[in-house]
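Reviewing the structure listed below.
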Amino acid sequence: MRGRPFFFAASAVAWHSMCSPDSRRGDIPPSPLPMNLRPPLLLLLFLLSAALTALLCHALVNSDHRHSQWADVVTDLGECGRGKYLRRCHYAHFAEIARRESRPAAERLFRAMALSARVQERSCATAIRHLGGRYTPPCEVMLFDADTDTNLDKSIALEQGSLTPSAHHRISHALERENRYAARLLVWAASSDTEHLRLLKACRHPRTTDTLALHYLICPECGHVFESRPTRFCCPYCLTSERRFTRI
């Protein structure tokens with residue numbers, strides 16, 4: 001809407017410069033255009049300005065309509081993204097503590113889950129922008145120092161807390177709005193939480209040291225964490241080639 005006064009003002013200036021008495025007296029150099037071409041040119045300028053103004057109004061209306069249409073889906077994606085941000089910060093902090101305590105298995109797992117949360121947070125933020133919203137991560141994250149076993153227990157409780165009916169409601173909500181893009185991201189996030197919970201329990205109470213993964217593979221598209229032992233040619237969730245996986 002800001003562009004409309006500019007276009008009309010430009011048309012008025014052009015008309016004034018061509019038709020003012022000063023220009024006819026010779027104070028201003030005469031226009032090189034013949035007189036019979038001036039009215040069609042002015043009409044063309046007026047039509048162009050009107051068309052550009054209409055296009056601008058249409059874009060603004062569509063933007064507002066798109067944002068209002070997906071406002072609830074954007075809210076769900078924002079909650080998911082902020083939850084992933086908090087876990088990313090905690091897991092990166094826990095990985096550093098595990099490194100200081102010489103707990104390589106726990107350190108690898110925490111770093112893998114931190115990277116997974118980072119990928120999924122970035123996916124949620126991108127989806128929010130595509131849907132006309134704005135993503136804002138939490139301003140502050142409180143981190144506490146504890147031993148690795150305590151951090152594993154906290155992480156298990158954190159992942160269990162994320163597997164609430166609200167996560168499934170967000171997925172159903174996106175499907176009801178026929179937004180498969182958002183639903184796919186929310187499904188990836190929920191399934192990753194389930195896998196993280198299993199990996200955390202296995203690391204907290206390993207049956208033998210042989211059961212701990214030597215390294216983890218993280219999909220750069222959906223953020224799923226895979227143990228190194230299974231041979232995979234692509235991610236079963238998003239079909240990303242295994243060659244693109246990040247190894248930790």
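To be explicit about the labels: the chains of the structure tokens are called A, B, and onward in the order shown, and within each one the residues are counted from 1, while ligands get numbers from 1 in the order they are shown.
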
- Task: Write out as a PyMOL selection string each polymer residue whose atoms come within 12 Å of region 124-130 of chain A, counting only C-alpha atoms; drop sequence neighbours fewer than 5 positions from it.
- Result: chain A and resi 63+66-67+70-85+117-119+135-137+179-189+221-223

- Task: Pick out each residue of region 176-242 of chain A that DSSP on the backbone tags as strand (DSSP E); I need them as a PyMOL selection string.
- Result: chain A and resi 216-218+225-227

Just the selected residues (N, CA and C atoms), exported as an mmCIF file, in the first residue's frame, please.
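result_9.cif, freshly written:
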```
data_model
loop_
_atom_site.group_PDB
_atom_site.id
_atom_site.type_symbol
_atom_site.label_atom_id
_atom_site.label_comp_id
_atom_site.auth_asym_id
_atom_site.auth_seq_id
_atom_site.Cartn_x
_atom_site.Cartn_y
_atom_site.Cartn_z
ATOM 1 N N TYR A 216 27.512 -42.815 15.817
ATOM 2 C CA TYR A 216 26.130 -42.613 15.389
ATOM 3 C C TYR A 216 26.123 -41.888 14.044
ATOM 4 N N LEU A 217 25.051 -42.126 13.292
ATOM 5 C CA LEU A 217 24.842 -41.465 12.007
ATOM 6 C C LEU A 217 23.595 -40.594 12.115
ATOM 7 N N ILE A 218 23.732 -39.329 11.708
ATOM 8 C CA ILE A 218 22.622 -38.385 11.811
ATOM 9 C C ILE A 218 22.233 -37.934 10.412
ATOM 10 N N VAL A 225 18.626 -40.159 14.283
ATOM 11 C CA VAL A 225 19.898 -40.713 14.740
ATOM 12 C C VAL A 225 19.851 -42.222 14.552
ATOM 13 N N PHE A 226 20.877 -42.752 13.907
ATOM 14 C CA PHE A 226 20.972 -44.185 13.664
ATOM 15 C C PHE A 226 22.267 -44.705 14.270
ATOM 16 N N GLU A 227 22.167 -45.907 14.821
ATOM 17 C CA GLU A 227 23.375 -46.562 15.303
ATOM 18 C C GLU A 227 24.189 -47.058 14.115
#
```

- Give me the residues within 10 Å of Lys201 (chain A) as JSON, numbers by chain, counting only C-alpha atoms and dropping any in the same chain fewer than 2 places off. {"A": [152, 153, 155, 156, 196, 197, 198, 199, 203, 204, 205, 206]}

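The gap separating CA of Val141 (chain A) from CA of Arg247 (chain A) is 27.0 Å, in Å to one decimal.
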
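By chain and then residue number, the residues within 12 Å of Leu239 (chain A) are A:Cys219, A:Pro220, A:Glu221, A:Cys222, A:His224, A:Arg232, A:Phe233, A:Cys234, A:Cys235, A:Pro236, A:Glu242, A:Arg243, A:Arg244, A:Phe245, counting only C-alpha atoms and disregarding those fewer than 3 positions away in sequence.
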
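The two atoms in question, CA of His173 (chain A) and CA of Leu131 (chain A), are spaced 15.1 Å apart.
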
- What separates CA of Thr246 (chain A) and CA of Pro138 (chain A) is a distance of 26.3 Å

- Query: Could you pull out the alpha helix (DSSP H) residues of region 19-225 of chain A from DSSP and send them as a PyMOL selection string?
  - Reply: chain A and resi 19+21-25+38-69+71-100+104-130+148-162+165-176+180-204

- Skip Glu96 (chain A) itself and residues of its chain fewer than 6 positions away, then list as an MDAnalysis selection string all residues within 10 Å of it, counting only C-alpha atoms. chainID A and resid 102:103 106:107 110:111 148

I need the chosen residues saved as a PDB file, in the first residue's frame, with C-alpha atoms.
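Listing of result-v5.pdb after writing:
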```
ATOM      1  CA  SER A 102      35.924 -39.604  30.191  1.00  0.00           C
ATOM      2  CA  ARG A 103      32.540 -41.110  29.272  1.00  0.00           C
ATOM      3  CA  ALA A 106      27.599 -40.866  26.640  1.00  0.00           C
ATOM      4  CA  GLU A 107      29.482 -38.008  24.988  1.00  0.00           C
ATOM      5  CA  PHE A 110      24.685 -36.446  23.603  1.00  0.00           C
ATOM      6  CA  ARG A 111      26.465 -34.862  20.645  1.00  0.00           C
ATOM      7  CA  THR A 148      26.821 -37.832  33.509  1.00  0.00           C
TER       8      THR A 148
END
```
